[in-house]
Amino acid sequence: MTRHRRPRIAILYPGDYETRQAARADNNRFAQVFQALSELGVDAEPAVYHPAFWQEVRDQVLQVDSVLVWVNPIQDGHDRTILDAMLGDVAATGVFVSAHPDIIQKMGTKEVLYRTRHLGWGSDTHLYQTMGKLQQALPIRLATGEARVLKQCRGHSGLGVWKVQWINPAASHGGDPGGRALPELDALVRARHAQRGSLETEMSLAAFFKQCEPYLVGSGKLIDQAYQLRLPEGMIRCYLVQDQVAGFGHQAINALYPAPPGAPSSEAPQPGPRLYYPPTVPEFRMLKRKLEREWLPAFQQELDIETTHLPILWDADFLLGPKEATGEDTYVLCEINVSSVAPFPESTVPVMAQAALAQVQSRRHRC
């Protein structure tokens, strides 16, 4: 690698071939990132990707120092199987890839909620790998009368995320070892998909299990978390550049937000806009300190991820948990996003650009 050549970074995002041919640094949603990289002396270029022409994209990104990737786990009906294999091969040649497919597998699936449940951000969380385990364990948890949230292992935009609650716990004649009545297959549950536009519906528990079948095909898994009663107070999204919180998003009305008391479930409001804030905003100072100083180091140790291997941009979503006896808020991790974090606060842009350049410079120095 020539040390005095200007660093060259590709930004990879999905599109068709027409979009690829017309792509410039200023005609896409990453224009601010391209500009920030240019101001640092980086030659940044778009790399529009689609599985139909993956070889062409591979040939392009093999020529750069680094490739920053924004592609969802499921994008326009395609998964990332071809892309991840390509990115793994590209990374093996020495090109820095963020996020690397191996890192996505470690931290970008819902299974991370189960693996890190013992950390300070954890909650009552369970893992189901088969339909048999789901059918055996979920009724016991629904028997409390409290709602559960089930999440498929990989997805985005609320796909495969369900809130479920037994409607009439007193109606069952079954029982668990603790003496509680258990819902049977014909018991009615309230279920709501977190995908935008979905409404709460009533269905039998058997029908709900049927809804979950696709999530457990092959190596599929389901994560089961306790529903957080303070969800109506909003969701806080922490945007991180590697191990540094670089901004926040706050969404007051989010997926699974309940209807007003006494109103029918159909009146539950749909998700509202996310408001963005810099990392210095006072309201989230405590969360920032806990995440950077306590939870993230423990998270990296648990998953064996060095700081330099953390994604250039990722986010962690938190709901408010039960208050401490002192009145202090607690926080519950409900998701980590790695594959395609966008949009993002303006405050993250210069930090991202600096981190991407630092990776290139570090690799050049090692050469």
# chains A, B, ... in the order shown; residues from 1 in each chain; ligands from 1

call {"tool": "residues_around", "arguments": {"residues": "Arg24 of chain A", "least_positions_apart": "2", "cutoff": "10 Å", "atoms": "only C-alpha atoms", "output": "PyMOL selection string"}}
result
chain A and resi 19-22+26-28+31+34+44-47

call {"tool": "select_by_dssp", "arguments": {"residues": "segment 101-155 of chain A", "states": "alpha helix (DSSP H)", "output": "mmCIF file with C-alpha atoms, in the first residue's frame"}}
result
data_model
loop_
_atom_site.group_PDB
_atom_site.id
_atom_site.type_symbol
_atom_site.label_atom_id
_atom_site.label_comp_id
_atom_site.auth_asym_id
_atom_site.auth_seq_id
_atom_site.Cartn_x
_atom_site.Cartn_y
_atom_site.Cartn_z
ATOM 1 C CA PRO A 101 -20.148 -9.733 8.812
ATOM 2 C CA ASP A 102 -18.537 -11.576 11.738
ATOM 3 C CA ILE A 103 -19.129 -8.577 13.997
ATOM 4 C CA ILE A 104 -22.739 -8.320 12.821
ATOM 5 C CA GLN A 105 -23.246 -11.960 13.788
ATOM 6 C CA LYS A 106 -21.852 -11.271 17.249
ATOM 7 C CA MET A 107 -23.665 -8.064 18.116
ATOM 8 C CA GLU A 111 -29.629 -13.071 20.400
ATOM 9 C CA VAL A 112 -27.318 -10.468 21.928
ATOM 10 C CA LEU A 113 -30.209 -9.510 24.224
ATOM 11 C CA TYR A 114 -30.099 -13.004 25.687
ATOM 12 C CA ARG A 115 -26.317 -13.297 25.823
ATOM 13 C CA MET A 131 -41.192 -24.565 18.179
ATOM 14 C CA GLY A 132 -41.359 -27.208 20.891
ATOM 15 C CA LYS A 133 -39.475 -24.986 23.345
ATOM 16 C CA LEU A 134 -41.690 -22.030 22.453
ATOM 17 C CA GLN A 135 -44.887 -24.025 22.948
ATOM 18 C CA GLN A 136 -43.604 -25.401 26.244
ATOM 19 C CA ALA A 137 -42.273 -22.212 27.828
ATOM 20 C CA LEU A 138 -44.345 -19.300 26.511
ATOM 21 C CA PRO A 139 -47.644 -20.405 28.134
ATOM 22 C CA ILE A 140 -45.905 -20.498 31.517
ATOM 23 C CA ARG A 141 -44.792 -16.885 31.060
ATOM 24 C CA LEU A 142 -48.155 -15.756 29.732
#

call {"tool": "atom_distance", "arguments": {"atom1": "atom CA of Ser98 of chain A", "atom2": "atom CA of Ile9 of chain A"}}
result
11.1 Å

call {"tool": "residues_around", "arguments": {"residues": "Leu357 of chain A", "least_positions_apart": "4", "cutoff": "9 Å", "atoms": "only C-alpha atoms", "output": "list in words"}}
result
Pro7, Ile9, Leu37, Leu40, Val42, Ser66, Met352, Ala353, Gln361 and Ser362 of chain A

call {"tool": "write_last_selection", "arguments": {"atoms": "N, CA and C atoms", "output": "PDB file, in the first residue's frame"}}
result
ATOM      1  N   PRO A   7      -6.177   8.619   1.091  1.00  0.00           N
ATOM      2  CA  PRO A   7      -7.025   7.501   1.508  1.00  0.00           C
ATOM      3  C   PRO A   7      -8.266   7.405   0.616  1.00  0.00           C
ATOM      4  N   ILE A   9     -12.055   5.619   0.378  1.00  0.00           N
ATOM      5  CA  ILE A   9     -13.108   4.933   1.137  1.00  0.00           C
ATOM      6  C   ILE A   9     -14.371   4.855   0.296  1.00  0.00           C
ATOM      7  N   LEU A  37     -15.764  13.332   4.835  1.00  0.00           N
ATOM      8  CA  LEU A  37     -14.569  12.579   4.454  1.00  0.00           C
ATOM      9  C   LEU A  37     -13.697  13.395   3.503  1.00  0.00           C
ATOM     10  N   LEU A  40     -11.498  15.847   5.123  1.00  0.00           N
ATOM     11  CA  LEU A  40     -10.354  15.240   5.801  1.00  0.00           C
ATOM     12  C   LEU A  40      -9.298  14.740   4.815  1.00  0.00           C
ATOM     13  N   VAL A  42      -9.953  12.634   2.181  1.00  0.00           N
ATOM     14  CA  VAL A  42     -10.271  11.275   1.754  1.00  0.00           C
ATOM     15  C   VAL A  42     -10.968  11.318   0.402  1.00  0.00           C
ATOM     16  N   SER A  66     -11.014   1.177   2.550  1.00  0.00           N
ATOM     17  CA  SER A  66     -12.060   0.891   3.523  1.00  0.00           C
ATOM     18  C   SER A  66     -13.413   0.961   2.838  1.00  0.00           C
ATOM     19  N   MET A 352     -17.782   9.977  12.752  1.00  0.00           N
ATOM     20  CA  MET A 352     -17.670   8.836  11.839  1.00  0.00           C
ATOM     21  C   MET A 352     -16.510   9.012  10.872  1.00  0.00           C
ATOM     22  N   ALA A 353     -16.444  10.191  10.262  1.00  0.00           N
ATOM     23  CA  ALA A 353     -15.396  10.445   9.265  1.00  0.00           C
ATOM     24  C   ALA A 353     -14.010  10.316   9.885  1.00  0.00           C
ATOM     25  N   GLN A 361      -5.464   5.011   8.417  1.00  0.00           N
ATOM     26  CA  GLN A 361      -4.113   5.438   8.806  1.00  0.00           C
ATOM     27  C   GLN A 361      -3.445   4.378   9.669  1.00  0.00           C
ATOM     28  N   SER A 362      -4.195   3.756  10.574  1.00  0.00           N
ATOM     29  CA  SER A 362      -3.633   2.721  11.436  1.00  0.00           C
ATOM     30  C   SER A 362      -3.156   1.529  10.610  1.00  0.00           C
TER      31      SER A 362
END

call {"tool": "atom_distance", "arguments": {"atom1": "atom CA of Phe96 of chain A", "atom2": "atom CA of Pro311 of chain A"}}
result
10.6 Å

call {"tool": "residues_around", "arguments": {"residues": "segment 271-282 of chain A", "least_positions_apart": "4", "cutoff": "8 Å", "atoms": "only C-alpha atoms", "output": "PyMOL selection string"}}
result
chain A and resi 196+245-255+257+288+344-347

call {"tool": "closest_residue", "arguments": {"among": "A:Val33, A:Ala187, A:Cys238, A:Ile305", "to": "Leu291 of chain A", "atoms": "only C-alpha atoms"}}
result
A:Cys238

call {"tool": "atom_distance", "arguments": {"atom1": "atom CA of Phe208 of chain A", "atom2": "atom CA of Ala259 of chain A"}}
result
21.1 Å

call {"tool": "select_by_dssp", "arguments": {"residues": "segment 130-207 of chain A", "states": "strand (DSSP E)", "output": "PyMOL selection string"}}
result
chain A and resi 148-152+161-166+188-193+201-204

call {"tool": "decode", "arguments": {"residues": "segment 76-123 of chain A", "atoms": "N, CA and C atoms", "output": "short mmCIF file (atom, residue, chain, number, x, y, z; two decimals), in the first residue's frame"}}
result
data_model
loop_
_atom_site.label_atom_id
_atom_site.label_comp_id
_atom_site.auth_asym_id
_atom_site.auth_seq_id
_atom_site.Cartn_x
_atom_site.Cartn_y
_atom_site.Cartn_z
N ASP A 76 -35.25 -5.34 0.07
CA ASP A 76 -35.94 -5.54 -1.21
C ASP A 76 -36.09 -7.01 -1.55
N GLY A 77 -36.41 -7.82 -0.54
CA GLY A 77 -36.63 -9.24 -0.76
C GLY A 77 -35.39 -10.10 -0.76
N HIS A 78 -34.21 -9.50 -0.56
CA HIS A 78 -32.96 -10.25 -0.56
C HIS A 78 -32.35 -10.21 0.84
N ASP A 79 -31.74 -11.33 1.26
CA ASP A 79 -30.98 -11.30 2.50
C ASP A 79 -29.52 -10.94 2.17
N ARG A 80 -28.67 -10.99 3.17
CA ARG A 80 -27.28 -10.55 2.98
C ARG A 80 -26.30 -11.70 2.73
N THR A 81 -26.80 -12.87 2.37
CA THR A 81 -25.92 -14.03 2.21
C THR A 81 -24.79 -13.75 1.22
N ILE A 82 -25.14 -13.28 0.02
CA ILE A 82 -24.13 -13.00 -1.01
C ILE A 82 -23.24 -11.84 -0.57
N LEU A 83 -23.85 -10.78 -0.05
CA LEU A 83 -23.08 -9.61 0.36
C LEU A 83 -22.09 -9.95 1.47
N ASP A 84 -22.54 -10.68 2.48
CA ASP A 84 -21.65 -10.99 3.61
C ASP A 84 -20.47 -11.86 3.18
N ALA A 85 -20.74 -12.81 2.29
CA ALA A 85 -19.63 -13.63 1.78
C ALA A 85 -18.64 -12.77 1.02
N MET A 86 -19.15 -11.85 0.21
CA MET A 86 -18.28 -10.96 -0.55
C MET A 86 -17.46 -10.06 0.38
N LEU A 87 -18.13 -9.49 1.38
CA LEU A 87 -17.42 -8.59 2.30
C LEU A 87 -16.36 -9.34 3.11
N GLY A 88 -16.66 -10.59 3.48
CA GLY A 88 -15.66 -11.39 4.18
C GLY A 88 -14.42 -11.60 3.34
N ASP A 89 -14.61 -11.89 2.05
CA ASP A 89 -13.47 -12.08 1.14
C ASP A 89 -12.70 -10.79 0.96
N VAL A 90 -13.42 -9.68 0.84
CA VAL A 90 -12.76 -8.38 0.66
C VAL A 90 -11.94 -8.03 1.90
N ALA A 91 -12.52 -8.25 3.08
CA ALA A 91 -11.81 -7.94 4.32
C ALA A 91 -10.55 -8.78 4.45
N ALA A 92 -10.59 -10.01 3.96
CA ALA A 92 -9.43 -10.91 4.07
C ALA A 92 -8.24 -10.39 3.25
N THR A 93 -8.48 -9.51 2.28
CA THR A 93 -7.39 -8.94 1.49
C THR A 93 -6.74 -7.74 2.18
N GLY A 94 -7.33 -7.28 3.29
CA GLY A 94 -6.77 -6.14 4.00
C GLY A 94 -7.62 -4.89 3.97
N VAL A 95 -8.71 -4.91 3.21
CA VAL A 95 -9.62 -3.76 3.19
C VAL A 95 -10.42 -3.74 4.49
N PHE A 96 -10.50 -2.57 5.14
CA PHE A 96 -11.29 -2.47 6.36
C PHE A 96 -12.76 -2.41 6.00
N VAL A 97 -13.57 -3.31 6.60
CA VAL A 97 -15.01 -3.39 6.33
C VAL A 97 -15.76 -3.08 7.62
N SER A 98 -16.68 -2.14 7.53
CA SER A 98 -17.52 -1.83 8.69
C SER A 98 -18.99 -1.76 8.25
N ALA A 99 -19.84 -2.59 8.86
CA ALA A 99 -19.47 -3.55 9.88
C ALA A 99 -19.13 -4.89 9.23
N HIS A 100 -18.07 -5.53 9.75
CA HIS A 100 -17.68 -6.83 9.23
C HIS A 100 -18.79 -7.84 9.52
N PRO A 101 -19.09 -8.74 8.58
CA PRO A 101 -20.15 -9.73 8.81
C PRO A 101 -19.98 -10.53 10.10
N ASP A 102 -18.75 -10.83 10.49
CA ASP A 102 -18.54 -11.58 11.74
C ASP A 102 -18.96 -10.76 12.96
N ILE A 103 -18.73 -9.45 12.90
CA ILE A 103 -19.13 -8.58 14.00
C ILE A 103 -20.65 -8.45 14.04
N ILE A 104 -21.27 -8.37 12.87
CA ILE A 104 -22.74 -8.32 12.82
C ILE A 104 -23.33 -9.56 13.47
N GLN A 105 -22.75 -10.73 13.19
CA GLN A 105 -23.25 -11.96 13.79
C GLN A 105 -23.10 -11.96 15.30
N LYS A 106 -22.07 -11.31 15.80
CA LYS A 106 -21.85 -11.27 17.25
C LYS A 106 -22.79 -10.29 17.95
N MET A 107 -22.98 -9.11 17.38
CA MET A 107 -23.67 -8.06 18.12
C MET A 107 -24.92 -7.52 17.43
N GLY A 108 -25.17 -7.89 16.19
CA GLY A 108 -26.25 -7.29 15.44
C GLY A 108 -27.49 -8.14 15.31
N THR A 109 -27.60 -9.21 16.08
CA THR A 109 -28.82 -10.02 16.08
C THR A 109 -29.47 -9.93 17.45
N LYS A 110 -30.75 -10.28 17.51
CA LYS A 110 -31.47 -10.16 18.78
C LYS A 110 -30.93 -11.11 19.84
N GLU A 111 -30.18 -12.13 19.42
CA GLU A 111 -29.63 -13.07 20.40
C GLU A 111 -28.72 -12.36 21.40
N VAL A 112 -28.18 -11.21 21.01
CA VAL A 112 -27.32 -10.47 21.93
C VAL A 112 -28.09 -10.04 23.18
N LEU A 113 -29.40 -9.86 23.06
CA LEU A 113 -30.21 -9.51 24.22
C LEU A 113 -30.20 -10.63 25.26
N TYR A 114 -30.16 -11.85 24.78
CA TYR A 114 -30.10 -13.00 25.69
C TYR A 114 -28.69 -13.19 26.25
N ARG A 115 -27.69 -13.07 25.38
CA ARG A 115 -26.32 -13.30 25.82
C ARG A 115 -25.85 -12.26 26.83
N THR A 116 -26.39 -11.06 26.78
CA THR A 116 -25.93 -9.99 27.68
C THR A 116 -26.99 -9.63 28.73
N ARG A 117 -27.93 -10.52 28.96
CA ARG A 117 -29.02 -10.21 29.89
C ARG A 117 -28.55 -9.99 31.31
N HIS A 118 -27.34 -10.47 31.64
CA HIS A 118 -26.82 -10.32 33.00
C HIS A 118 -26.14 -8.96 33.20
N LEU A 119 -25.96 -8.19 32.14
CA LEU A 119 -25.35 -6.88 32.28
C LEU A 119 -26.38 -5.89 32.85
N GLY A 120 -25.93 -4.70 33.16
CA GLY A 120 -26.81 -3.71 33.78
C GLY A 120 -27.96 -3.27 32.93
N TRP A 121 -27.91 -3.57 31.63
CA TRP A 121 -29.00 -3.19 30.73
C TRP A 121 -29.98 -4.34 30.49
N GLY A 122 -29.81 -5.47 31.16
CA GLY A 122 -30.59 -6.66 30.88
C GLY A 122 -31.97 -6.64 31.51
N SER A 123 -32.80 -7.62 31.10
CA SER A 123 -34.14 -7.78 31.64
C SER A 123 -34.49 -9.27 31.64
#
